[in-house]
Amino acid sequence: MFKYMQVKQRILLDVEKLKPHEKIMSRPMMCKKFGFARTTVDAAINELIEEKILYSIVGSGTYVSDQRVVKQIDNPDVSSWGIVLPNLVEDIFPQFVRGIEDYSQTINTNTVICNTDNSISKQDEYFRRLVDSGVSGLIVVPAISREQGEGGFEIVRKAGLPIVFCSRTVSSFIDAPLVYSNDFYGGYIATKHLLRAGYRRIAYIARELYQSSRERYAGYFAALAEENIEINRSFIYLEPLRRSDGDNYYSNDDSYYFMQKLLELPDHPDAFFCFNDRVGAQAYRAVRQAGFAVSDDIGVVSYDDTGICDVIEPKLSSVNFGGFEMGNKAAAILHKSIEGGHLEGTNVYVIQPKLTVRDSCLGPK
């Protein structure tokens, strides 16, 4: 992901909290806050000005536009789509948004990005606002939350808006198009690579709530079973979900302590397959704390293929779930639905993940 895109997404999160015509933080302050060069910050702000999310007054500063949500009735030649995501700052979603925007720009369509923080109430409010603003369709990654209800989706249904789901769907829209990554296959190829490299005692460290963590576990299980390796269930960790101020979040600390305990065993794991790159980074921490070397003693493969992988040493092997391809496919499907085109066959579309091999699992020495 380009650096200016990272800054752009952070500015969007700040803009969401401001009122129209309210002044945003100065560019020098952004450089200090985000840790990027002035040219990178300028590129992000200039793009937001072009998209009419911000406007600038020479000698005064940059301000929030009142056109953050563009109404179709104001410009009948340009349509708008609503993009509703659980957490825009997670590393996996910028790739996804880029895939949507690359497609939408070719058909003269704006995208309005909404961040729900995995809150059902925020998600419902965004649906109301997007319907009122006159968007022509929605691409949604539903919030995962302990809050109950699908009231916002009923608003979408009554409005008759085309909707495309990504990663997961909801019961009230079970027939709507769904685009998702093949997590079973991702878990399978990650574990299979570790096996081919010579690792045999492979642990799986994951999250409990997500369906994707279960599917990756199933792929992990299938790869081991294929090699007639008995599953050691004490090597499997499904991390409990935590709650803070009504919103869901999870900490990597518990998985770190679990891996620490495993590495104290006489017959400890010789590899970790981790649910995502953040857990993979915690695996590095646990391995080094135990006096082992990543790759030579303990192999590590993770998931999402984010920027973390090229920063830590040795570079982390990771499964790329195909975020760009998922977003691009969802955009193409939504466009066809809006234009009244017939979607042939099943409404479920599967993106195949790919393993990016780096230096974290070259084989035990």
# chains A, B, ... in the order shown; residues from 1 in each chain; ligands from 1
>>> closest_atom_pairs(of="segment 250-359 of chain A", to="segment 203-223 of chain A", cutoff="8 Å", atoms="only C-alpha atoms", output="CSV")
residue,atom,partner,partner_atom,distance
A:Ser255,CA,A:Ile205,CA,6.9
A:Pro269,CA,A:Ala203,CA,6.1
A:Ala271,CA,A:Ala203,CA,6.2
A:Phe272,CA,A:Ala203,CA,4.9
A:Phe273,CA,A:Tyr204,CA,4.9
A:Cys274,CA,A:Ile205,CA,4.9
A:Phe275,CA,A:Ala206,CA,4.6
A:Asn276,CA,A:Ala206,CA,7.8
A:Val279,CA,A:Ile205,CA,7.6
>>> select_by_dssp(residues="segment 36-262 of chain A", states="strand (DSSP E or B)", output="ChimeraX atom specification")
/A:54-57,61-64,79-85,109-115,137-140,163-166,178-181,202-207,236-239,242-244,247-249
>>> residues_around(residues="Gly35 of chain A", least_positions_apart="3", cutoff="12 Å", atoms="only C-alpha atoms", output="short mmCIF file (atom, residue, chain, number, x, y, z; two decimals) with N, CA and C atoms, in the first residue's frame")
data_model
loop_
_atom_site.label_atom_id
_atom_site.label_comp_id
_atom_site.auth_asym_id
_atom_site.auth_seq_id
_atom_site.Cartn_x
_atom_site.Cartn_y
_atom_site.Cartn_z
N LYS A 3 2.33 4.91 0.78
CA LYS A 3 2.33 5.61 2.07
C LYS A 3 1.26 6.69 2.13
N TYR A 4 1.06 7.41 1.00
CA TYR A 4 0.08 8.49 1.04
C TYR A 4 -1.33 7.95 1.27
N GLN A 6 -2.04 5.44 3.26
CA GLN A 6 -2.14 5.24 4.70
C GLN A 6 -2.50 6.55 5.40
N VAL A 7 -1.84 7.64 4.97
CA VAL A 7 -2.15 8.95 5.55
C VAL A 7 -3.58 9.36 5.20
N ARG A 10 -6.07 7.73 7.48
CA ARG A 10 -6.05 8.32 8.83
C ARG A 10 -6.73 9.68 8.86
N ARG A 27 -0.73 20.72 8.19
CA ARG A 27 0.11 19.70 7.55
C ARG A 27 1.38 19.39 8.35
N PRO A 28 2.06 20.40 8.92
CA PRO A 28 3.23 20.07 9.76
C PRO A 28 2.85 19.21 10.96
N MET A 29 1.68 19.48 11.56
CA MET A 29 1.24 18.68 12.70
C MET A 29 0.94 17.25 12.27
N MET A 30 0.39 17.09 11.07
CA MET A 30 0.12 15.73 10.55
C MET A 30 1.42 14.97 10.34
N CYS A 31 2.43 15.66 9.81
CA CYS A 31 3.73 15.01 9.60
C CYS A 31 4.25 14.45 10.92
N LYS A 32 4.10 15.25 11.98
CA LYS A 32 4.57 14.82 13.30
C LYS A 32 3.71 13.69 13.86
N ARG A 38 6.51 15.49 4.50
CA ARG A 38 5.53 16.50 4.06
C ARG A 38 4.97 16.16 2.68
N THR A 39 5.81 15.66 1.77
CA THR A 39 5.33 15.33 0.43
C THR A 39 4.26 14.25 0.46
N THR A 40 4.39 13.30 1.40
CA THR A 40 3.39 12.23 1.52
C THR A 40 2.07 12.78 2.03
N VAL A 41 2.14 13.65 3.06
CA VAL A 41 0.94 14.28 3.61
C VAL A 41 0.27 15.14 2.55
#
>>> select_by_dssp(residues="segment 46-279 of chain A", states="alpha helix (DSSP H)", output="PyMOL selection string")
chain A and resi 46-50+92-104+120-133+151-159+183-196+211-226+253-263+277-279
>>> atom_distance(atom1="atom CA of Lys17 of chain A", atom2="atom CA of Val64 of chain A")
10.3 Å
